[in-house]
Amino acid sequence: MEKRILGRTGLEVSVLGMGGLFVSTAGGRNRADGRDAIRRALELGVNYVDTAPSYADSEEVVGEALDGVLQPHYLSTKIGGRPQPFDPKDKQLLRQSVEESLRVLKRDVIDILMVHEPDRPGQYDWWTSHETFDGPVCELLAELKAEGIVRFTGLGGTTAHQLPAIMATGIYDVVLAAQNYSLLWREAAISIFPEAKRQNMGIVIGAPLQQGALSRRHAEVETGAWWLSRPRQEQFKALYRFLDEVKLSLPEAGIRMVISNPTISAVLVGARSVEEVEQNVRAVEAGPLPSEVLERLQEIADMVPFRPFEEPHSLTFGRKWSGPGYAR
C-alpha cells in the first residue's frame, strides 16, 4: 500500500488509516468484528490506527487487536472526555486520562496524542485564553513529550474555520480534519490545508463518507426532507447522476477523491468488518481519480461551497433531527 510522510513527524504512514470509532461495541456492535477488522487492515498494509477515549470502548478494542501484532504500525489517540466529570483545565486529571489510555491500549508510548475537538464551542473549554490558545493541556503535552510518553501531538477537530488559529500556535505536529473534506464538503481546503502547509503539519482526513451520508444512496435525496436544503438536495442528485455515468460507487469515489490530493497523508475509514476493510483497501489500490473526474466532482462540490448555517453537522438520513446544527 502507498505510504506518505506525515508532515514534520517524518512518519511514513499508509494512505489508508483505520478509524476506531466504529470498532467499539457501541450500538450493539460485536467486539470480535472490530478486532478482526483492525487485524485484517494491518495484514493488508495499513499501518496507522486512530482511536479516542470518547469512542465508547474503542481504545480497549484497539488495544486487544494490536496486542502481539508484529507488523510495524503507528497509533494515535486523543485526550478529552475522561474522566467524568471532565475538566479540561485540570492537568492532573488529564494526565490520569493519558495513563488510562496507555493501560487499555497496552502501550508504554503513544505515537500521536491529539487534543480532541479543541474547536467546538460548548464541547470542551480547553483554553485559558482564546486568543493565544494556551492552557494546562499544552503544558501537559510538552511534559509528556519530554518524558518520552508521547512522540508527537495533534489536533482533532471538525470546524474547518476554527482550527487554523489553533494550528498557527506552531506547537502541534498533526491535524485530523473530520467531516470537512469529502465529495460534497470541502471547507478544509479553504482554511486547514493552507495553515497545515505553513506549519508543515501532517494532514489526516477523518469521516470521508460523512458518517454515512456518503456511504450509500438515501431515499430522502429524491423524496426530500424538511431539514434537507434545496441546494444540498440538488447537489446530491447531481452527484448520484455523475457517479452513474462514470460507474463508481459512493464509497470508492469518496476515498479515491481524498487520496487524489497529495497534500493529505492519510484518510481514516471506520470499517466495521473485515469485508468493509477489504472494500476500502481495494478503493485505495485503484489509486487517485482521473483529472477529468476530479474536475467534475469539484464542480458539483462548488454547488454548495459552504455548509449552510442550519444544516445538521451530520446529515440526518435515517435519524432524528434535533435542531439547527445537531443530529441524533
# chains A, B, ... in the order shown; residues from 1 in each chain; ligands from 1

call {"tool": "residues_around", "arguments": {"residues": "segment 189-202 of chain A", "least_positions_apart": "3", "cutoff": "6 Å", "atoms": "only C-alpha atoms", "output": "PyMOL selection string"}}
result
chain A and resi 6-8+164+173-174+186

call {"tool": "write_last_selection", "arguments": {"atoms": "all heavy atoms", "output": "compact mmCIF listing (two decimals), in the first residue's frame"}}
result
# COMPACT_ATOMS: atom_id res chain seq x y z
N LEU A 6 4.04 11.93 7.04
CA LEU A 6 3.07 12.65 7.87
C LEU A 6 3.69 13.96 8.37
O LEU A 6 4.03 14.12 9.54
CB LEU A 6 2.63 11.76 9.04
CG LEU A 6 1.50 12.28 9.92
CD1 LEU A 6 0.21 12.47 9.12
CD2 LEU A 6 1.26 11.34 11.09
N GLY A 7 3.84 14.89 7.45
CA GLY A 7 4.34 16.21 7.82
C GLY A 7 5.68 16.15 8.53
O GLY A 7 6.53 15.33 8.23
N ARG A 8 5.84 17.03 9.50
CA ARG A 8 7.14 17.16 10.17
C ARG A 8 7.43 16.01 11.14
O ARG A 8 8.52 15.94 11.69
CB ARG A 8 7.21 18.49 10.89
CG ARG A 8 6.26 18.65 12.07
CD ARG A 8 6.19 20.10 12.49
NE ARG A 8 5.52 20.30 13.76
CZ ARG A 8 5.03 21.47 14.15
NH1 ARG A 8 5.12 22.53 13.36
NH2 ARG A 8 4.46 21.59 15.34
N PRO A 164 -7.62 26.51 12.19
CA PRO A 164 -6.37 27.14 11.76
C PRO A 164 -5.75 28.08 12.79
O PRO A 164 -4.51 28.16 12.88
CB PRO A 164 -6.78 27.88 10.49
CG PRO A 164 -7.90 27.08 9.95
CD PRO A 164 -8.67 26.61 11.15
N ASP A 173 1.92 18.83 15.70
CA ASP A 173 2.58 18.18 14.56
C ASP A 173 1.62 17.67 13.50
O ASP A 173 2.01 17.52 12.33
CB ASP A 173 3.43 17.00 15.06
CG ASP A 173 4.40 17.40 16.15
OD1 ASP A 173 5.23 18.28 15.88
OD2 ASP A 173 4.31 16.85 17.27
N VAL A 174 0.39 17.36 13.90
CA VAL A 174 -0.57 16.71 13.01
C VAL A 174 -1.94 17.34 13.21
O VAL A 174 -2.29 17.76 14.31
CB VAL A 174 -0.67 15.19 13.31
CG1 VAL A 174 -1.69 14.51 12.39
CG2 VAL A 174 0.68 14.52 13.19
N ARG A 186 -15.96 20.69 1.32
CA ARG A 186 -14.55 20.99 1.01
C ARG A 186 -13.99 22.14 1.86
O ARG A 186 -12.99 22.74 1.50
CB ARG A 186 -14.40 21.35 -0.47
CG ARG A 186 -14.93 20.31 -1.46
CD ARG A 186 -14.06 19.09 -1.54
NE ARG A 186 -14.59 18.11 -2.51
CZ ARG A 186 -14.18 18.00 -3.77
NH1 ARG A 186 -13.22 18.81 -4.22
NH2 ARG A 186 -14.71 17.10 -4.58

call {"tool": "closest_atom_pairs", "arguments": {"of": "segment 26-122 of chain A", "to": "segment 261-269 of chain A", "cutoff": "9 Å", "atoms": "only C-alpha atoms", "output": "tab-separated table"}}
result
residue	atom	partner	partner_atom	distance
A:Tyr48	CA	A:Ala266	CA	8.3
A:Val49	CA	A:Leu268	CA	8.2
A:Asp50	CA	A:Leu268	CA	7.8

call {"tool": "select_by_dssp", "arguments": {"residues": "segment 137-220 of chain A", "states": "strand (DSSP E)", "output": "PyMOL selection string"}}
result
chain A and resi 150-157+174-178+202-206

call {"tool": "select_by_dssp", "arguments": {"residues": "segment 80-243 of chain A", "states": "alpha helix (DSSP H)", "output": "PyMOL selection string"}}
result
chain A and resi 91-105+136-146+163-167+187-199+220-223+230-243

call {"tool": "closest_atom_pairs", "arguments": {"of": "segment 147-211 of chain A", "to": "segment 117-132 of chain A", "cutoff": "9 Å", "atoms": "only C-alpha atoms", "output": "JSON lines"}}
result
{"residue": "A:Leu155", "atom": "CA", "partner": "A:Pro118", "partner_atom": "CA", "distance": 7.1}
{"residue": "A:Gly156", "atom": "CA", "partner": "A:Glu117", "partner_atom": "CA", "distance": 5.5}
{"residue": "A:Gly157", "atom": "CA", "partner": "A:Glu117", "partner_atom": "CA", "distance": 4.4}
{"residue": "A:Thr158", "atom": "CA", "partner": "A:Glu117", "partner_atom": "CA", "distance": 6.9}
{"residue": "A:Thr159", "atom": "CA", "partner": "A:Asp119", "partner_atom": "CA", "distance": 6.3}
{"residue": "A:Ala160", "atom": "CA", "partner": "A:Asp119", "partner_atom": "CA", "distance": 8.6}
{"residue": "A:His161", "atom": "CA", "partner": "A:Asp119", "partner_atom": "CA", "distance": 8.8}
{"residue": "A:Gln162", "atom": "CA", "partner": "A:Asp119", "partner_atom": "CA", "distance": 5.6}
{"residue": "A:Leu163", "atom": "CA", "partner": "A:Asp119", "partner_atom": "CA", "distance": 5.7}
{"residue": "A:Ala165", "atom": "CA", "partner": "A:Glu131", "partner_atom": "CA", "distance": 8.6}
{"residue": "A:Ile166", "atom": "CA", "partner": "A:Thr132", "partner_atom": "CA", "distance": 8.1}
{"residue": "A:Thr169", "atom": "CA", "partner": "A:Thr132", "partner_atom": "CA", "distance": 7.5}

call {"tool": "residues_around", "arguments": {"residues": "Gln211 of chain A", "least_positions_apart": "2", "cutoff": "10 Å", "atoms": "only C-alpha atoms", "output": "ChimeraX atom specification"}}
result
/A:22,178-179,206-209,213-215,269-270,314-315

call {"tool": "write_last_selection", "arguments": {"atoms": "all heavy atoms", "output": "PDB file, in the first residue's frame"}}
result
ATOM      1  N   PHE A  22     -15.889   3.087  14.877  1.00  0.00           N
ATOM      2  CA  PHE A  22     -16.873   2.043  14.643  1.00  0.00           C
ATOM      3  C   PHE A  22     -16.374   0.642  14.973  1.00  0.00           C
ATOM      4  O   PHE A  22     -17.056  -0.342  14.666  1.00  0.00           O
ATOM      5  CB  PHE A  22     -17.372   2.113  13.202  1.00  0.00           C
ATOM      6  CG  PHE A  22     -18.161   3.360  12.930  1.00  0.00           C
ATOM      7  CD1 PHE A  22     -17.637   4.362  12.129  1.00  0.00           C
ATOM      8  CD2 PHE A  22     -19.405   3.545  13.496  1.00  0.00           C
ATOM      9  CE1 PHE A  22     -18.364   5.521  11.895  1.00  0.00           C
ATOM     10  CE2 PHE A  22     -20.138   4.689  13.276  1.00  0.00           C
ATOM     11  CZ  PHE A  22     -19.609   5.696  12.468  1.00  0.00           C
ATOM     12  N   ALA A 178     -11.957  16.236  10.401  1.00  0.00           N
ATOM     13  CA  ALA A 178     -13.053  15.284  10.242  1.00  0.00           C
ATOM     14  C   ALA A 178     -14.311  15.982   9.749  1.00  0.00           C
ATOM     15  O   ALA A 178     -14.661  17.061  10.234  1.00  0.00           O
ATOM     16  CB  ALA A 178     -13.339  14.575  11.567  1.00  0.00           C
ATOM     17  N   GLN A 179     -14.978  15.373   8.774  1.00  0.00           N
ATOM     18  CA  GLN A 179     -16.259  15.822   8.254  1.00  0.00           C
ATOM     19  C   GLN A 179     -16.193  17.177   7.562  1.00  0.00           C
ATOM     20  O   GLN A 179     -17.192  17.890   7.479  1.00  0.00           O
ATOM     21  CB  GLN A 179     -17.328  15.841   9.357  1.00  0.00           C
ATOM     22  CG  GLN A 179     -17.557  14.478   9.982  1.00  0.00           C
ATOM     23  CD  GLN A 179     -18.875  14.371  10.676  1.00  0.00           C
ATOM     24  OE1 GLN A 179     -19.915  14.464  10.035  1.00  0.00           O
ATOM     25  NE2 GLN A 179     -18.857  14.174  11.974  1.00  0.00           N
ATOM     26  N   GLY A 206     -10.554  12.576   8.376  1.00  0.00           N
ATOM     27  CA  GLY A 206     -11.478  11.647   9.010  1.00  0.00           C
ATOM     28  C   GLY A 206     -12.870  11.787   8.425  1.00  0.00           C
ATOM     29  O   GLY A 206     -13.231  12.835   7.882  1.00  0.00           O
ATOM     30  N   ALA A 207     -13.653  10.730   8.522  1.00  0.00           N
ATOM     31  CA  ALA A 207     -15.045  10.715   8.066  1.00  0.00           C
ATOM     32  C   ALA A 207     -15.196  11.169   6.624  1.00  0.00           C
ATOM     33  O   ALA A 207     -15.994  12.069   6.326  1.00  0.00           O
ATOM     34  CB  ALA A 207     -15.922  11.563   8.983  1.00  0.00           C
ATOM     35  N   PRO A 208     -14.461  10.583   5.677  1.00  0.00           N
ATOM     36  CA  PRO A 208     -14.596  10.995   4.276  1.00  0.00           C
ATOM     37  C   PRO A 208     -15.965  10.671   3.685  1.00  0.00           C
ATOM     38  O   PRO A 208     -16.343  11.239   2.664  1.00  0.00           O
ATOM     39  CB  PRO A 208     -13.498  10.194   3.572  1.00  0.00           C
ATOM     40  CG  PRO A 208     -13.354   8.963   4.413  1.00  0.00           C
ATOM     41  CD  PRO A 208     -13.527   9.452   5.826  1.00  0.00           C
ATOM     42  N   LEU A 209     -16.695   9.767   4.338  1.00  0.00           N
ATOM     43  CA  LEU A 209     -18.043   9.425   3.883  1.00  0.00           C
ATOM     44  C   LEU A 209     -19.113  10.092   4.746  1.00  0.00           C
ATOM     45  O   LEU A 209     -20.276   9.711   4.721  1.00  0.00           O
ATOM     46  CB  LEU A 209     -18.223   7.902   3.867  1.00  0.00           C
ATOM     47  CG  LEU A 209     -17.173   7.139   3.049  1.00  0.00           C
ATOM     48  CD1 LEU A 209     -17.457   5.647   3.065  1.00  0.00           C
ATOM     49  CD2 LEU A 209     -17.093   7.653   1.619  1.00  0.00           C
ATOM     50  N   ALA A 213     -23.525   9.650   5.343  1.00  0.00           N
ATOM     51  CA  ALA A 213     -24.243  10.455   4.358  1.00  0.00           C
ATOM     52  C   ALA A 213     -23.760  10.163   2.946  1.00  0.00           C
ATOM     53  O   ALA A 213     -24.523  10.285   1.979  1.00  0.00           O
ATOM     54  CB  ALA A 213     -24.086  11.942   4.669  1.00  0.00           C
ATOM     55  N   LEU A 214     -22.486   9.760   2.823  1.00  0.00           N
ATOM     56  CA  LEU A 214     -21.916   9.466   1.516  1.00  0.00           C
ATOM     57  C   LEU A 214     -21.503   8.009   1.363  1.00  0.00           C
ATOM     58  O   LEU A 214     -20.743   7.670   0.457  1.00  0.00           O
ATOM     59  CB  LEU A 214     -20.699  10.374   1.267  1.00  0.00           C
ATOM     60  CG  LEU A 214     -20.998  11.869   1.137  1.00  0.00           C
ATOM     61  CD1 LEU A 214     -19.712  12.679   1.126  1.00  0.00           C
ATOM     62  CD2 LEU A 214     -21.821  12.152  -0.112  1.00  0.00           C
ATOM     63  N   SER A 215     -22.005   7.151   2.235  1.00  0.00           N
ATOM     64  CA  SER A 215     -21.651   5.737   2.145  1.00  0.00           C
ATOM     65  C   SER A 215     -22.621   4.942   1.284  1.00  0.00           C
ATOM     66  O   SER A 215     -22.290   3.864   0.787  1.00  0.00           O
ATOM     67  CB  SER A 215     -21.583   5.114   3.545  1.00  0.00           C
ATOM     68  OG  SER A 215     -22.871   5.111   4.149  1.00  0.00           O
ATOM     69  N   VAL A 269     -10.868   5.537   7.609  1.00  0.00           N
ATOM     70  CA  VAL A 269     -12.178   4.970   7.307  1.00  0.00           C
ATOM     71  C   VAL A 269     -12.583   4.051   8.450  1.00  0.00           C
ATOM     72  O   VAL A 269     -11.806   3.190   8.871  1.00  0.00           O
ATOM     73  CB  VAL A 269     -12.169   4.213   5.972  1.00  0.00           C
ATOM     74  CG1 VAL A 269     -13.539   3.626   5.677  1.00  0.00           C
ATOM     75  CG2 VAL A 269     -11.761   5.151   4.838  1.00  0.00           C
ATOM     76  N   GLY A 270     -13.797   4.251   8.958  1.00  0.00           N
ATOM     77  CA  GLY A 270     -14.268   3.490  10.117  1.00  0.00           C
ATOM     78  C   GLY A 270     -14.910   2.182   9.723  1.00  0.00           C
ATOM     79  O   GLY A 270     -16.128   2.019   9.879  1.00  0.00           O
ATOM     80  N   SER A 314     -24.006  16.395  11.072  1.00  0.00           N
ATOM     81  CA  SER A 314     -24.070  15.162  10.294  1.00  0.00           C
ATOM     82  C   SER A 314     -25.475  15.072   9.724  1.00  0.00           C
ATOM     83  O   SER A 314     -26.455  15.117  10.474  1.00  0.00           O
ATOM     84  CB  SER A 314     -23.794  13.934  11.168  1.00  0.00           C
ATOM     85  OG  SER A 314     -22.482  13.954  11.668  1.00  0.00           O
ATOM     86  N   LEU A 315     -25.601  14.984   8.415  1.00  0.00           N
ATOM     87  CA  LEU A 315     -26.938  14.956   7.817  1.00  0.00           C
ATOM     88  C   LEU A 315     -27.743  13.797   8.392  1.00  0.00           C
ATOM     89  O   LEU A 315     -27.234  12.688   8.555  1.00  0.00           O
ATOM     90  CB  LEU A 315     -26.841  14.843   6.302  1.00  0.00           C
ATOM     91  CG  LEU A 315     -26.320  16.090   5.585  1.00  0.00           C
ATOM     92  CD1 LEU A 315     -26.473  15.922   4.083  1.00  0.00           C
ATOM     93  CD2 LEU A 315     -27.038  17.348   6.041  1.00  0.00           C
TER      94      LEU A 315
END

call {"tool": "residues_around", "arguments": {"residues": "Ala32 of chain A", "least_positions_apart": "5", "cutoff": "12 Å", "atoms": "only C-alpha atoms", "output": "list in words"}}
result
Val23, Ser24, Thr25, Ala37, Ile38, Arg39, Ser58, Glu60, Val61, Val62, Glu64, Ala65, Arg272, Ser273 and Val274 of chain A

call {"tool": "closest_atom_pairs", "arguments": {"of": "segment 94-147 of chain A", "to": "segment 75-80 of chain A", "cutoff": "6 Å", "atoms": "only C-alpha atoms", "output": "JSON lines"}}
result
{"residue": "A:Asp111", "atom": "CA", "partner": "A:Leu75", "partner_atom": "CA", "distance": 5.5}
{"residue": "A:Ile112", "atom": "CA", "partner": "A:Ser76", "partner_atom": "CA", "distance": 4.6}
{"residue": "A:Leu113", "atom": "CA", "partner": "A:Lys78", "partner_atom": "CA", "distance": 5.2}
{"residue": "A:Met114", "atom": "CA", "partner": "A:Lys78", "partner_atom": "CA", "distance": 4.4}
{"residue": "A:Val115", "atom": "CA", "partner": "A:Ile79", "partner_atom": "CA", "distance": 5.3}
{"residue": "A:His116", "atom": "CA", "partner": "A:Gly80", "partner_atom": "CA", "distance": 5.5}

call {"tool": "residues_around", "arguments": {"residues": "segment 286-296 of chain A", "least_positions_apart": "5", "cutoff": "12 Å", "atoms": "only C-alpha atoms", "output": "short mmCIF file (atom, residue, chain, number, x, y, z; two decimals) with all heavy atoms, in the first residue's frame"}}
result
data_model
loop_
_atom_site.label_atom_id
_atom_site.label_comp_id
_atom_site.auth_asym_id
_atom_site.auth_seq_id
_atom_site.Cartn_x
_atom_site.Cartn_y
_atom_site.Cartn_z
N MET A 1 0.84 -1.19 0.00
CA MET A 1 0.00 0.00 0.00
C MET A 1 0.88 1.25 0.00
O MET A 1 1.91 1.28 0.65
CB MET A 1 -0.91 0.01 1.24
CG MET A 1 -1.86 1.21 1.29
SD MET A 1 -2.94 1.18 2.72
CE MET A 1 -3.93 -0.26 2.33
N GLU A 2 0.41 2.27 -0.73
CA GLU A 2 1.16 3.52 -0.78
C GLU A 2 1.32 4.12 0.61
O GLU A 2 0.40 4.07 1.44
CB GLU A 2 0.43 4.53 -1.68
CG GLU A 2 1.14 5.88 -1.77
CD GLU A 2 0.32 6.95 -2.48
OE1 GLU A 2 -0.79 6.63 -2.96
OE2 GLU A 2 0.79 8.10 -2.52
N VAL A 15 -1.57 5.38 3.26
CA VAL A 15 -2.52 6.37 2.81
C VAL A 15 -3.93 6.05 3.33
O VAL A 15 -4.77 6.94 3.48
CB VAL A 15 -2.50 6.50 1.27
CG1 VAL A 15 -3.07 5.27 0.61
CG2 VAL A 15 -3.23 7.74 0.81
N LEU A 16 -4.20 4.80 3.63
CA LEU A 16 -5.45 4.40 4.28
C LEU A 16 -5.17 4.11 5.74
O LEU A 16 -4.29 3.31 6.07
CB LEU A 16 -6.04 3.16 3.61
CG LEU A 16 -7.35 2.63 4.21
CD1 LEU A 16 -8.49 3.62 3.96
CD2 LEU A 16 -7.72 1.27 3.63
N SER A 182 -14.59 16.06 1.77
CA SER A 182 -15.20 14.88 1.18
C SER A 182 -15.76 15.25 -0.18
O SER A 182 -15.49 16.34 -0.71
CB SER A 182 -16.32 14.34 2.09
OG SER A 182 -17.37 15.29 2.18
N LEU A 183 -16.54 14.36 -0.78
CA LEU A 183 -17.09 14.62 -2.10
C LEU A 183 -17.87 15.93 -2.16
O LEU A 183 -17.78 16.67 -3.14
CB LEU A 183 -18.00 13.46 -2.52
CG LEU A 183 -17.31 12.14 -2.86
CD1 LEU A 183 -18.34 11.03 -3.02
CD2 LEU A 183 -16.47 12.26 -4.14
N LEU A 184 -18.65 16.22 -1.14
CA LEU A 184 -19.51 17.40 -1.17
C LEU A 184 -19.12 18.49 -0.19
O LEU A 184 -19.64 19.61 -0.27
CB LEU A 184 -20.98 16.99 -0.91
CG LEU A 184 -21.59 16.01 -1.91
CD1 LEU A 184 -23.07 15.82 -1.62
CD2 LEU A 184 -21.37 16.44 -3.35
N ALA A 238 -27.07 15.59 -8.36
CA ALA A 238 -26.04 15.73 -9.39
C ALA A 238 -24.91 14.74 -9.16
O ALA A 238 -24.37 14.15 -10.11
CB ALA A 238 -25.50 17.16 -9.39
N LEU A 239 -24.55 14.52 -7.89
CA LEU A 239 -23.50 13.56 -7.58
C LEU A 239 -23.92 12.16 -7.97
O LEU A 239 -23.15 11.42 -8.60
CB LEU A 239 -23.18 13.61 -6.08
CG LEU A 239 -22.15 12.59 -5.59
CD1 LEU A 239 -20.79 12.84 -6.21
CD2 LEU A 239 -22.07 12.60 -4.06
N ARG A 241 -26.08 11.22 -10.22
CA ARG A 241 -26.11 11.09 -11.68
C ARG A 241 -24.71 10.92 -12.26
O ARG A 241 -24.47 10.07 -13.13
CB ARG A 241 -26.80 12.30 -12.31
CG ARG A 241 -28.30 12.38 -12.09
CD ARG A 241 -28.94 13.41 -13.00
NE ARG A 241 -28.40 14.75 -12.77
CZ ARG A 241 -28.94 15.63 -11.94
NH1 ARG A 241 -30.02 15.31 -11.23
NH2 ARG A 241 -28.41 16.84 -11.79
N PHE A 242 -23.78 11.72 -11.75
CA PHE A 242 -22.42 11.66 -12.30
C PHE A 242 -21.75 10.32 -11.99
O PHE A 242 -21.08 9.74 -12.84
CB PHE A 242 -21.58 12.81 -11.75
CG PHE A 242 -20.16 12.76 -12.21
CD1 PHE A 242 -19.85 12.90 -13.56
CD2 PHE A 242 -19.12 12.57 -11.31
CE1 PHE A 242 -18.53 12.84 -14.01
CE2 PHE A 242 -17.80 12.51 -11.74
CZ PHE A 242 -17.51 12.65 -13.09
N LEU A 243 -21.93 9.83 -10.77
CA LEU A 243 -21.31 8.55 -10.42
C LEU A 243 -21.92 7.41 -11.23
O LEU A 243 -21.22 6.42 -11.53
CB LEU A 243 -21.45 8.28 -8.92
CG LEU A 243 -20.67 9.24 -8.01
CD1 LEU A 243 -20.81 8.83 -6.55
CD2 LEU A 243 -19.21 9.32 -8.40
N GLU A 245 -22.74 7.79 -14.33
CA GLU A 245 -22.07 7.95 -15.63
C GLU A 245 -20.69 7.29 -15.63
O GLU A 245 -20.31 6.62 -16.60
CB GLU A 245 -21.91 9.43 -15.97
CG GLU A 245 -23.20 10.16 -16.28
CD GLU A 245 -22.95 11.64 -16.50
OE1 GLU A 245 -21.80 12.01 -16.81
OE2 GLU A 245 -23.91 12.43 -16.38
N VAL A 246 -19.94 7.51 -14.54
CA VAL A 246 -18.55 7.01 -14.50
C VAL A 246 -18.47 5.65 -13.83
O VAL A 246 -17.37 5.10 -13.66
CB VAL A 246 -17.62 8.02 -13.80
CG1 VAL A 246 -17.51 9.29 -14.63
CG2 VAL A 246 -18.08 8.33 -12.38
N LYS A 247 -19.62 5.12 -13.42
CA LYS A 247 -19.69 3.77 -12.84
C LYS A 247 -18.80 3.62 -11.61
O LYS A 247 -17.99 2.70 -11.50
CB LYS A 247 -19.35 2.72 -13.90
CG LYS A 247 -20.36 2.66 -15.04
CD LYS A 247 -20.00 1.61 -16.06
CE LYS A 247 -21.12 1.43 -17.09
NZ LYS A 247 -21.52 2.70 -17.74
N LEU A 248 -18.97 4.54 -10.67
CA LEU A 248 -18.26 4.49 -9.39
C LEU A 248 -19.27 4.43 -8.25
O LEU A 248 -20.30 5.12 -8.29
CB LEU A 248 -17.37 5.72 -9.20
CG LEU A 248 -16.07 5.80 -9.98
CD1 LEU A 248 -15.45 7.18 -9.82
CD2 LEU A 248 -15.10 4.73 -9.52
N GLU A 252 -16.19 4.18 -2.98
CA GLU A 252 -14.95 4.21 -3.75
C GLU A 252 -14.63 5.63 -4.22
O GLU A 252 -13.48 6.09 -4.11
CB GLU A 252 -15.03 3.28 -4.95
CG GLU A 252 -13.75 3.31 -5.80
CD GLU A 252 -13.78 2.40 -7.01
OE1 GLU A 252 -14.71 1.59 -7.13
OE2 GLU A 252 -12.85 2.51 -7.83
N ALA A 253 -15.63 6.32 -4.74
CA ALA A 253 -15.39 7.69 -5.20
C ALA A 253 -14.93 8.58 -4.05
O ALA A 253 -14.01 9.40 -4.22
CB ALA A 253 -16.67 8.26 -5.82
N GLY A 254 -15.55 8.42 -2.87
CA GLY A 254 -15.20 9.26 -1.73
C GLY A 254 -13.77 9.04 -1.27
O GLY A 254 -13.04 10.01 -1.00
N ILE A 255 -13.36 7.80 -1.17
CA ILE A 255 -12.00 7.51 -0.70
C ILE A 255 -10.97 7.92 -1.74
O ILE A 255 -9.95 8.55 -1.43
CB ILE A 255 -11.88 6.01 -0.37
CG1 ILE A 255 -12.75 5.66 0.84
CG2 ILE A 255 -10.42 5.64 -0.10
CD1 ILE A 255 -12.86 4.18 1.12
N ARG A 256 -11.23 7.61 -3.00
CA ARG A 256 -10.26 7.93 -4.04
C ARG A 256 -10.15 9.43 -4.28
O ARG A 256 -9.08 9.93 -4.63
CB ARG A 256 -10.62 7.20 -5.33
CG ARG A 256 -10.46 5.68 -5.24
CD ARG A 256 -10.86 4.99 -6.52
NE ARG A 256 -9.96 5.34 -7.63
CZ ARG A 256 -10.19 4.98 -8.89
NH1 ARG A 256 -11.29 4.30 -9.21
NH2 ARG A 256 -9.33 5.33 -9.83
N MET A 257 -11.23 10.17 -4.08
CA MET A 257 -11.16 11.62 -4.20
C MET A 257 -10.19 12.19 -3.17
O MET A 257 -9.34 13.04 -3.47
CB MET A 257 -12.54 12.24 -4.03
CG MET A 257 -12.59 13.75 -4.30
SD MET A 257 -11.95 14.82 -2.97
CE MET A 257 -13.16 14.53 -1.69
N VAL A 258 -10.31 11.72 -1.92
CA VAL A 258 -9.45 12.24 -0.86
C VAL A 258 -7.98 11.92 -1.13
O VAL A 258 -7.12 12.80 -1.03
CB VAL A 258 -9.88 11.69 0.51
CG1 VAL A 258 -8.88 12.13 1.59
CG2 VAL A 258 -11.28 12.20 0.88
N ILE A 259 -7.67 10.69 -1.50
CA ILE A 259 -6.26 10.34 -1.70
C ILE A 259 -5.70 10.94 -2.98
O ILE A 259 -4.48 10.92 -3.19
CB ILE A 259 -6.04 8.81 -1.69
CG1 ILE A 259 -6.66 8.16 -2.94
CG2 ILE A 259 -6.56 8.20 -0.41
CD1 ILE A 259 -6.20 6.73 -3.13
N SER A 260 -6.57 11.51 -3.81
CA SER A 260 -6.08 12.20 -5.01
C SER A 260 -5.36 13.49 -4.66
O SER A 260 -4.64 14.04 -5.50
CB SER A 260 -7.25 12.50 -5.97
OG SER A 260 -7.84 11.30 -6.43
N ASN A 261 -5.57 13.99 -3.46
CA ASN A 261 -4.90 15.22 -3.01
C ASN A 261 -3.56 14.84 -2.38
O ASN A 261 -3.52 14.24 -1.30
CB ASN A 261 -5.78 15.94 -1.99
CG ASN A 261 -5.25 17.31 -1.64
OD1 ASN A 261 -4.05 17.55 -1.68
ND2 ASN A 261 -6.13 18.22 -1.29
N PRO A 262 -2.44 15.19 -3.00
CA PRO A 262 -1.13 14.77 -2.49
C PRO A 262 -0.72 15.43 -1.18
O PRO A 262 0.22 14.96 -0.53
CB PRO A 262 -0.17 15.16 -3.62
CG PRO A 262 -0.86 16.28 -4.33
CD PRO A 262 -2.32 15.97 -4.25
N GLN A 279 -12.93 -3.85 1.17
CA GLN A 279 -13.52 -2.95 0.18
C GLN A 279 -12.74 -1.63 0.14
O GLN A 279 -12.43 -1.09 -0.94
CB GLN A 279 -14.99 -2.68 0.52
CG GLN A 279 -15.67 -1.68 -0.39
CD GLN A 279 -17.10 -1.38 0.05
OE1 GLN A 279 -17.64 -2.03 0.92
NE2 GLN A 279 -17.70 -0.38 -0.55
N ASN A 280 -12.41 -1.08 1.31
CA ASN A 280 -11.69 0.18 1.37
C ASN A 280 -10.27 0.04 0.81
O ASN A 280 -9.77 0.95 0.14
CB ASN A 280 -11.63 0.68 2.82
CG ASN A 280 -13.00 1.01 3.36
OD1 ASN A 280 -13.92 1.35 2.62
ND2 ASN A 280 -13.16 0.90 4.67
N VAL A 281 -9.63 -1.07 1.07
CA VAL A 281 -8.29 -1.30 0.54
C VAL A 281 -8.33 -1.38 -0.98
O VAL A 281 -7.47 -0.82 -1.67
CB VAL A 281 -7.66 -2.57 1.15
CG1 VAL A 281 -6.38 -2.95 0.40
CG2 VAL A 281 -7.36 -2.37 2.63
N ALA A 301 -19.17 19.89 -6.02
CA ALA A 301 -18.92 20.41 -4.67
C ALA A 301 -19.16 21.91 -4.61
O ALA A 301 -19.68 22.44 -3.61
CB ALA A 301 -17.49 20.08 -4.23
N ASP A 302 -18.82 22.62 -5.67
CA ASP A 302 -18.98 24.08 -5.69
C ASP A 302 -20.44 24.52 -5.77
O ASP A 302 -20.72 25.70 -5.59
CB ASP A 302 -18.21 24.67 -6.88
CG ASP A 302 -16.70 24.60 -6.70
OD1 ASP A 302 -16.26 24.44 -5.54
OD2 ASP A 302 -15.98 24.70 -7.71
N MET A 303 -21.35 23.60 -6.00
CA MET A 303 -22.76 23.95 -5.99
C MET A 303 -23.19 24.43 -4.59
O MET A 303 -24.11 25.24 -4.46
CB MET A 303 -23.61 22.74 -6.40
CG MET A 303 -23.46 22.34 -7.85
SD MET A 303 -24.33 20.77 -8.25
CE MET A 303 -26.05 21.23 -7.98
#

call {"tool": "atom_distance", "arguments": {"atom1": "atom CA of Leu94 of chain A", "atom2": "atom CA of Phe152 of chain A"}}
result
16.7 Å
